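Coordinates from start38.txt are shown below (compact mmCIF, C-alpha atoms and all ligand atoms).
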# COMPACT_ATOMS: atom_id res chain seq x y z
CA MET A 2 27.35 -103.95 52.76
CA PHE A 3 26.04 -107.03 54.53
CA ASN A 4 25.72 -105.52 57.97
CA LYS A 5 24.16 -102.16 57.28
CA CYS A 6 20.50 -101.29 57.75
CA LYS A 7 18.76 -104.50 58.59
CA TYR A 8 15.07 -104.19 59.20
CA ILE A 9 13.08 -106.99 60.71
CA ILE A 10 9.86 -106.87 58.76
CA ILE A 11 7.67 -109.70 59.88
CA CYS A 12 7.47 -112.62 62.19
CA LEU A 13 4.39 -114.81 62.08
CA ILE A 14 2.80 -118.22 61.48
CA VAL A 15 1.61 -120.91 63.81
CA SER A 16 1.76 -124.63 64.61
CA ALA A 17 4.45 -127.05 65.66
CA ALA A 18 6.41 -129.98 64.22
CA VAL A 19 10.07 -129.09 63.82
CA SER A 20 12.32 -128.21 66.75
CA ALA A 21 13.54 -124.62 67.08
CA ALA A 22 17.07 -125.73 66.26
CA ASP A 23 15.91 -126.61 62.74
CA GLU A 24 16.35 -123.23 61.10
CA LEU A 25 16.67 -122.70 57.40
CA THR A 26 17.83 -119.34 56.04
CA ALA A 27 17.53 -118.30 52.40
CA HIS A 28 19.42 -115.23 51.18
CA PHE A 29 17.93 -113.94 47.93
CA LEU A 30 20.71 -111.74 46.60
CA ASN A 31 19.97 -108.66 44.59
CA VAL A 32 21.87 -109.55 41.40
CA GLY A 33 19.85 -107.47 38.94
CA HIS A 34 18.20 -109.63 36.31
CA GLY A 35 19.11 -113.14 37.50
CA ASP A 36 19.04 -115.48 40.47
CA ALA A 37 21.57 -116.11 43.24
CA ILE A 38 20.24 -117.71 46.41
CA ILE A 39 22.28 -118.89 49.38
CA LEU A 40 20.65 -121.57 51.54
CA GLN A 41 21.94 -122.17 55.06
CA PHE A 42 20.70 -125.48 56.46
CA PRO A 43 20.21 -126.22 60.20
CA GLN A 44 23.57 -127.85 60.87
CA GLY A 45 25.56 -125.40 58.78
CA THR A 46 25.49 -127.00 55.32
CA VAL A 47 25.41 -124.28 52.66
CA MET A 48 24.08 -124.42 49.11
CA LEU A 49 24.34 -121.72 46.48
CA VAL A 50 21.50 -121.90 43.96
CA ASP A 51 22.69 -120.11 40.78
CA GLY A 52 25.18 -117.24 40.54
CA GLY A 53 23.56 -114.43 38.54
CA MET A 54 25.17 -112.83 35.48
CA PRO A 55 29.00 -112.98 35.26
CA GLU A 56 29.45 -109.48 36.73
CA TYR A 57 27.76 -110.59 39.96
CA GLY A 58 30.19 -113.41 40.77
CA GLU A 59 32.29 -111.06 42.89
CA LYS A 60 29.26 -109.85 44.86
CA VAL A 61 28.27 -113.44 45.65
CA VAL A 62 31.82 -114.26 46.80
CA ASP A 63 31.89 -111.13 49.01
CA TYR A 64 28.50 -111.98 50.46
CA LEU A 65 29.58 -115.55 51.25
CA SER A 66 32.71 -114.14 52.86
CA ASP A 67 30.56 -111.86 55.08
CA LEU A 68 28.76 -115.03 56.19
CA GLY A 69 32.12 -116.52 57.16
CA LEU A 70 32.30 -118.67 54.03
CA SER A 71 35.52 -117.62 52.33
CA HIS A 72 36.96 -121.00 51.42
CA TYR A 73 34.40 -123.75 51.14
CA LEU A 74 30.87 -124.22 49.86
CA ASP A 75 29.10 -127.57 50.30
CA TYR A 76 26.90 -127.38 47.21
CA ILE A 77 26.27 -125.41 44.06
CA MET A 78 22.94 -126.06 42.35
CA LEU A 79 22.70 -124.75 38.79
CA THR A 80 19.00 -124.66 37.96
CA HIS A 81 19.55 -124.27 34.20
CA SER A 82 22.10 -123.17 31.64
CA HIS A 83 21.02 -119.55 30.99
CA ASP A 84 23.62 -116.80 31.52
CA ASP A 85 21.68 -115.04 34.33
CA HIS A 86 22.00 -118.22 36.42
CA VAL A 87 25.33 -119.79 35.43
CA GLY A 88 27.28 -116.57 34.76
CA GLY A 89 28.58 -115.71 38.22
CA LEU A 90 29.33 -119.32 39.13
CA ASN A 91 32.57 -119.40 37.18
CA PHE A 92 34.07 -116.69 39.42
CA ILE A 93 32.87 -118.60 42.48
CA LEU A 94 34.51 -121.85 41.31
CA GLN A 95 37.77 -119.93 40.95
CA ASN A 96 37.55 -118.55 44.49
CA LEU A 97 36.06 -121.27 46.70
CA THR A 98 36.36 -125.02 46.99
CA VAL A 99 33.00 -126.61 46.19
CA GLY A 100 31.92 -130.00 47.58
CA LYS A 101 29.32 -131.02 45.00
CA VAL A 102 27.47 -129.65 41.98
CA LEU A 103 23.80 -130.40 41.26
CA LEU A 104 22.63 -130.07 37.67
CA SER A 105 19.59 -130.42 35.44
CA GLU A 106 19.68 -133.28 32.94
CA TYR A 107 19.03 -130.83 30.10
CA SER A 108 21.11 -127.85 29.03
CA GLU A 109 22.08 -125.64 26.12
CA PRO A 110 25.81 -125.58 25.37
CA THR A 111 26.23 -121.82 25.77
CA GLU A 112 29.74 -120.40 26.18
CA LEU A 113 29.28 -119.66 29.89
CA TYR A 114 27.73 -123.06 30.57
CA GLN A 115 30.54 -124.87 28.78
CA ARG A 116 33.07 -122.87 30.76
CA PHE A 117 31.26 -123.86 33.97
CA ILE A 118 31.31 -127.57 33.10
CA PHE A 119 34.96 -127.29 32.06
CA LEU A 120 35.84 -125.81 35.48
CA VAL A 121 33.76 -128.38 37.40
CA ASP A 122 35.45 -131.21 35.47
CA SER A 123 38.95 -129.72 35.84
CA LEU A 124 38.48 -129.22 39.57
CA GLN A 125 37.11 -132.78 39.82
CA ILE A 126 34.03 -131.65 41.72
CA PRO A 127 31.48 -134.49 42.06
CA GLN A 128 28.39 -133.84 39.94
CA ARG A 129 24.88 -135.15 40.32
CA ILE A 130 22.00 -134.83 37.88
CA VAL A 131 18.77 -134.35 39.82
CA SER A 132 15.24 -134.80 38.56
CA ARG A 133 11.64 -135.04 39.69
CA GLY A 134 11.15 -137.35 42.66
CA ASP A 135 14.72 -137.15 43.96
CA VAL A 136 14.87 -136.29 47.65
CA LEU A 137 18.11 -134.93 49.07
CA GLU A 138 18.46 -135.13 52.82
CA ILE A 139 20.51 -132.13 53.86
CA ASP A 140 21.20 -131.81 57.57
CA SER A 141 17.82 -132.60 59.12
CA LEU A 142 15.72 -131.41 56.16
CA ASN A 143 14.42 -132.98 52.97
CA MET A 144 14.72 -131.18 49.67
CA GLU A 145 12.44 -132.67 47.03
CA ILE A 146 13.15 -132.04 43.37
CA ILE A 147 9.85 -131.39 41.56
CA ASN A 148 11.19 -130.45 38.11
CA PRO A 149 12.42 -131.43 35.55
CA PRO A 150 11.07 -134.93 34.96
CA ALA A 151 13.71 -137.48 33.93
CA GLY A 152 13.94 -139.07 30.50
CA LYS A 153 12.56 -136.21 28.39
CA THR A 154 14.32 -133.95 25.90
CA LEU A 155 15.16 -130.27 26.06
CA GLU A 156 12.74 -129.68 23.16
CA ALA A 157 9.91 -131.55 24.88
CA LEU A 158 10.41 -129.35 27.95
CA ARG A 159 10.33 -126.17 25.79
CA GLY A 160 13.99 -125.31 26.41
CA PRO A 161 16.16 -124.56 29.47
CA ASN A 162 13.45 -122.67 31.39
CA GLY A 163 11.02 -125.59 31.30
CA ALA A 164 13.93 -127.89 32.16
CA SER A 165 15.08 -125.84 35.14
CA ILE A 166 15.37 -127.41 38.57
CA ALA A 167 12.46 -126.53 40.86
CA MET A 168 12.47 -127.85 44.42
CA LYS A 169 10.72 -127.78 47.74
CA ILE A 170 12.31 -127.87 51.17
CA ASP A 171 10.08 -129.38 53.86
CA ILE A 172 10.22 -127.65 57.22
CA GLY A 173 7.07 -128.02 59.30
CA GLU A 174 4.47 -125.38 58.47
CA THR A 175 7.03 -123.16 56.72
CA ASP A 176 8.01 -125.07 53.58
CA MET A 177 9.97 -123.14 50.96
CA LEU A 178 9.33 -123.62 47.25
CA PHE A 179 11.87 -122.52 44.63
CA MET A 180 10.64 -122.32 41.04
CA ALA A 181 13.79 -121.24 39.14
CA ASP A 182 12.70 -120.07 35.66
CA VAL A 183 9.91 -122.54 34.91
CA ASP A 184 7.39 -121.33 32.34
CA LYS A 185 3.61 -121.35 32.76
CA MET A 186 3.12 -124.65 30.91
CA THR A 187 5.55 -126.25 33.33
CA ASP A 188 4.01 -124.75 36.45
CA MET A 189 0.59 -126.03 35.40
CA GLU A 190 2.06 -129.45 34.73
CA ILE A 191 3.66 -129.38 38.21
CA VAL A 192 0.26 -128.54 39.77
CA ASN A 193 -1.27 -131.52 37.98
CA GLU A 194 1.51 -133.72 39.31
CA TYR A 195 1.66 -132.49 42.93
CA GLY A 196 -1.68 -130.81 43.73
CA LYS A 197 -1.90 -129.99 47.44
CA GLY A 198 1.64 -131.22 47.89
CA LEU A 199 2.78 -127.87 46.50
CA GLU A 200 1.53 -125.82 49.43
CA ALA A 201 4.39 -123.75 50.83
CA ALA A 202 4.66 -120.72 53.10
CA VAL A 203 7.48 -119.13 51.11
CA LEU A 204 7.59 -119.05 47.31
CA LYS A 205 10.52 -117.99 45.18
CA ALA A 206 8.44 -116.98 42.17
CA ALA A 207 9.46 -118.27 38.75
CA HIS A 208 11.34 -116.51 35.98
CA HIS A 209 11.87 -113.03 37.40
CA GLY A 210 8.12 -112.34 37.34
CA SER A 211 7.91 -112.59 33.55
CA GLY A 212 4.58 -112.55 31.72
CA VAL A 213 4.77 -116.28 31.07
CA SER A 214 5.20 -117.36 34.69
CA SER A 215 3.21 -117.88 37.91
CA THR A 216 -0.25 -118.78 36.66
CA ARG A 217 -3.36 -118.32 38.83
CA PHE A 218 -3.73 -122.10 38.82
CA PHE A 219 -0.25 -122.44 40.30
CA LEU A 220 -0.49 -119.59 42.83
CA ASP A 221 -3.82 -120.95 44.05
CA ALA A 222 -2.23 -124.36 44.64
CA VAL A 223 0.82 -123.02 46.53
CA LYS A 224 -1.09 -120.73 48.93
CA ALA A 225 2.12 -118.92 49.88
CA LYS A 226 2.31 -116.37 52.71
CA ILE A 227 5.38 -114.70 51.23
CA ALA A 228 6.73 -114.51 47.69
CA VAL A 229 10.12 -113.30 46.48
CA VAL A 230 10.66 -112.10 42.92
CA SER A 231 14.34 -111.98 41.92
CA THR A 232 14.47 -109.38 39.19
CA GLY A 233 16.21 -106.31 37.77
CA ALA A 234 16.63 -104.23 34.66
CA SER A 235 16.88 -106.26 31.46
CA GLU A 236 16.06 -106.06 27.78
CA TRP A 237 12.86 -108.00 28.50
CA ASN A 238 11.47 -105.50 31.02
CA TYR A 239 10.70 -108.09 33.69
CA PRO A 240 8.75 -108.32 35.87
CA SER A 241 5.49 -108.01 33.98
CA GLU A 242 3.00 -105.75 35.75
CA GLU A 243 0.26 -108.25 35.11
CA THR A 244 2.24 -111.07 36.71
CA MET A 245 3.10 -108.91 39.74
CA GLU A 246 -0.59 -108.02 40.17
CA ARG A 247 -1.50 -111.69 39.91
CA ILE A 248 1.08 -112.72 42.52
CA LYS A 249 -0.14 -109.97 44.87
CA ARG A 250 -3.72 -111.20 44.55
CA TYR A 251 -2.71 -114.62 45.89
CA VAL A 252 0.20 -113.85 48.23
CA PRO A 253 -0.10 -111.40 51.16
CA GLU A 254 3.57 -110.34 51.28
CA VAL A 255 5.56 -109.90 48.07
CA TYR A 256 9.20 -108.76 47.93
CA ARG A 257 11.29 -107.83 44.89
CA THR A 258 15.08 -107.82 44.94
CA ASP A 259 15.20 -104.72 42.71
CA GLU A 260 13.17 -102.78 45.29
CA ALA A 261 14.19 -104.38 48.60
CA GLY A 262 17.82 -105.31 47.82
CA ASP A 263 19.06 -108.54 49.36
CA ILE A 264 16.20 -110.39 51.04
CA ILE A 265 16.88 -112.80 53.90
CA ILE A 266 14.16 -115.20 54.99
CA THR A 267 14.53 -117.52 57.97
CA VAL A 268 12.01 -120.25 58.76
CA ASP A 269 11.93 -122.76 61.60
CA GLY A 270 8.85 -124.84 60.96
CA GLU A 271 6.60 -122.37 62.78
CA ASN A 272 7.87 -118.82 62.25
CA ILE A 273 9.02 -116.79 59.30
CA THR A 274 11.36 -113.83 59.62
CA VAL A 275 12.09 -111.51 56.71
CA GLU A 276 14.94 -109.00 56.64
CA THR A 277 15.83 -106.64 53.84
CA GLN A 278 18.94 -104.56 53.42
ZN ZN A 301 16.61 -116.31 34.58

Hey, can you dump this file as structure tokens for me?
Amino acid sequence: MFNKCKYIIICLIVSAAVSAADELTAHFLNVGHGDAIILQFPQGTVMLVDGGMPEYGEKVVDYLSDLGLSHYLDYIMLTHSHDDHVGGLNFILQNLTVGKVLLSEYSEPTELYQRFIFLVDSLQIPQRIVSRGDVLEIDSLNMEIINPPAGKTLEALRGPNGASIAMKIDIGETDMLFMADVDKMTDMEIVNEYGKGLEAAVLKAAHHGSGVSSTRFFLDAVKAKIAVVSTGASEWNYPSEETMERIKRYVPEVYRTDEAGDIIITVDGENITVETQ
């Protein structure tokens, strides 16, 4: 599964800043409608961002095992409490030891989310609530949390999507921006807050390419070279054609997990390499 048919697709970008040893790899797993992203930091720290729907937990565990990670995972970040993000994590918690869990301050007490919190508590895994302005130094890189703002309410943020954790990893000229499932009101609010600070070479587009995500205002601010849309069949028929057209107007290279399969992007501050399987 993991080793078959790898195609190097591109390799570009200029400038200097970060040493070649500082490589960050993001694996955007094809988990149908949902998100599951594995981040490998320069000195080997690994973070799983979301786990897809429950039926994809096993795929994520197998994939981690193919990467040589059968027993231990440094971090799980749950961006928000919806099933297509928290679902697979329960299987992962039952199969690997996890060092720390990062959570949004706001959540809906769904059955799968409650099960997740029950497991995290029972396993005594340290938890940290992260919010806008927090900077996590992981290996040699900084990850800045840009959403949600602290001290609001779930209602004020228009529910779990608006409250989902969005973050940016700084790495020279090849920053990566991860937008979870933020809605268009939130992405516009983030542009107002960060402006040019949002520029990033690689964008994980928000909310599976839905019709209420990735505004022109936002895409214009990010100026991404590459975008990834994590999406698959669902009752909502994401991604929206209009949103995909809009993303393609602003971003030269756009990849979808439902078309490309697992998408692996490595950046080193100067270069970007994309592989699909
Ligand atoms: Zn989602």

### Message
Please return as a PyMOL selection string the residues found within 7 Å of ligand ZN 301 (chain A), counting all atoms listed in the file.
### Response
chain A and resi 35-36+83+85-86+182+208-209

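Nearest to A:Phe117 of all the residues A:Leu142, A:Val87, A:Leu104, A:Leu158 is A:Val87, based on all atoms listed in the file.
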
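Candidate residues A:Asp75, A:Asn91, A:Ala234, A:Phe42 were compared for distance to A:Glu59, and the nearest is A:Asn91, using all atoms listed in the file.
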
### Task
Would you list the contacts of A:Phe218 as a PyMOL selection string, taking every protein, DNA or RNA residue within 12 Å and counting all atoms listed in the file, but skipping same-chain residues closer than 4 positions in sequence?
chain A and resi 185-193+196-197+199+214+222-224+247-248+251

Pull C-alpha atoms from the residues just selected and write them as a compact mmCIF listing (two decimals), keeping the file's coordinate frame.
# COMPACT_ATOMS: atom_id res chain seq x y z
CA LYS A 185 3.61 -121.35 32.76
CA MET A 186 3.12 -124.65 30.91
CA THR A 187 5.55 -126.25 33.33
CA ASP A 188 4.01 -124.75 36.45
CA MET A 189 0.59 -126.03 35.40
CA GLU A 190 2.06 -129.45 34.73
CA ILE A 191 3.66 -129.38 38.21
CA VAL A 192 0.26 -128.54 39.77
CA ASN A 193 -1.27 -131.52 37.98
CA GLY A 196 -1.68 -130.81 43.73
CA LYS A 197 -1.90 -129.99 47.44
CA LEU A 199 2.78 -127.87 46.50
CA SER A 214 5.20 -117.36 34.69
CA ALA A 222 -2.23 -124.36 44.64
CA VAL A 223 0.82 -123.02 46.53
CA LYS A 224 -1.09 -120.73 48.93
CA ARG A 247 -1.50 -111.69 39.91
CA ILE A 248 1.08 -112.72 42.52
CA TYR A 251 -2.71 -114.62 45.89

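Coordinates place atom CA of A:Phe119 at a distance of 14.3 Å from atom CA of A:Val99.
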
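Our summary of the geometry notes that atom CA of A:Asp263 is positioned 20.1 Å from atom CA of A:Asn238.
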
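Pairwise distance (atom CA of A:Ser132, atom CA of A:Met177) equals 17.8 Å.
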
### Task
Identify, on the basis of only C-alpha atoms, every residue whose closest approach to stretch 24-33 of chain A does not exceed 7 Å; exclude the query and any residue fewer than 2 positions from it along the same chain; express the result as a ChimeraX atom specification.
/A:21-22,35-43,53,57,232-234,258-259,262-269

### Query
Pick the closest to A:Gly152 from A:Ile118, A:Glu112, A:Tyr107, A:Val102: which is it, counting all atoms listed in the file?
A:Tyr107

### Task
Mind checking which residues fall within 8 Å of A:Val252, counting all atoms listed in the file, ignoring those fewer than 3 positions away in the same chain, and posting them as a PyMOL selection string?
chain A and resi 220+224-228+248-249+255

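Shortest atom-to-atom contact with A:Ile93 among A:Val121, A:Asp63, A:Leu113, A:Gly58: A:Gly58, counting all atoms listed in the file.
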
### Query
Of the candidates A:Leu90, A:Ala157, A:Val47, A:Met180, which one gets nearest to A:Ile139 if we count only C-alpha atoms?
A:Val47

With 5 Å added on each side, what axis-aligned box encloses every listed atom of stretch 253-269 of chain A? Give the centre and edge lengths in Å to one decimal, as AutoDock Vina command-line options.
--center_x 9.5 --center_y -112.8 --center_z 52.2 --size_x 29.2 --size_y 30.0 --size_z 28.9

### Message
Show me, as a ChimeraX atom specification, the residues that have an atom within 7 Å of A:Lys101 when counting only C-alpha atoms, minus same-chain residues fewer than 6 positions from it.
### Response
/A:75-77,126-128

Give as a short mmCIF file (atom, residue, chain, number, x, y, z; two decimals) with C-alpha atoms, in the coordinates of the input each residue that has an atom at most 12 Å from (33.8, -115.9, 49.8) in the file, counting all atoms listed in the file.
data_model
loop_
_atom_site.label_atom_id
_atom_site.label_comp_id
_atom_site.auth_asym_id
_atom_site.auth_seq_id
_atom_site.Cartn_x
_atom_site.Cartn_y
_atom_site.Cartn_z
CA ILE A 39 22.28 -118.89 49.38
CA LEU A 49 24.34 -121.72 46.48
CA GLY A 58 30.19 -113.41 40.77
CA GLU A 59 32.29 -111.06 42.89
CA LYS A 60 29.26 -109.85 44.86
CA VAL A 61 28.27 -113.44 45.65
CA VAL A 62 31.82 -114.26 46.80
CA ASP A 63 31.89 -111.13 49.01
CA TYR A 64 28.50 -111.98 50.46
CA LEU A 65 29.58 -115.55 51.25
CA SER A 66 32.71 -114.14 52.86
CA ASP A 67 30.56 -111.86 55.08
CA LEU A 68 28.76 -115.03 56.19
CA GLY A 69 32.12 -116.52 57.16
CA LEU A 70 32.30 -118.67 54.03
CA SER A 71 35.52 -117.62 52.33
CA HIS A 72 36.96 -121.00 51.42
CA TYR A 73 34.40 -123.75 51.14
CA LEU A 74 30.87 -124.22 49.86
CA PHE A 92 34.07 -116.69 39.42
CA ILE A 93 32.87 -118.60 42.48
CA LEU A 94 34.51 -121.85 41.31
CA GLN A 95 37.77 -119.93 40.95
CA ASN A 96 37.55 -118.55 44.49
CA LEU A 97 36.06 -121.27 46.70
CA THR A 98 36.36 -125.02 46.99
CA VAL A 99 33.00 -126.61 46.19
#
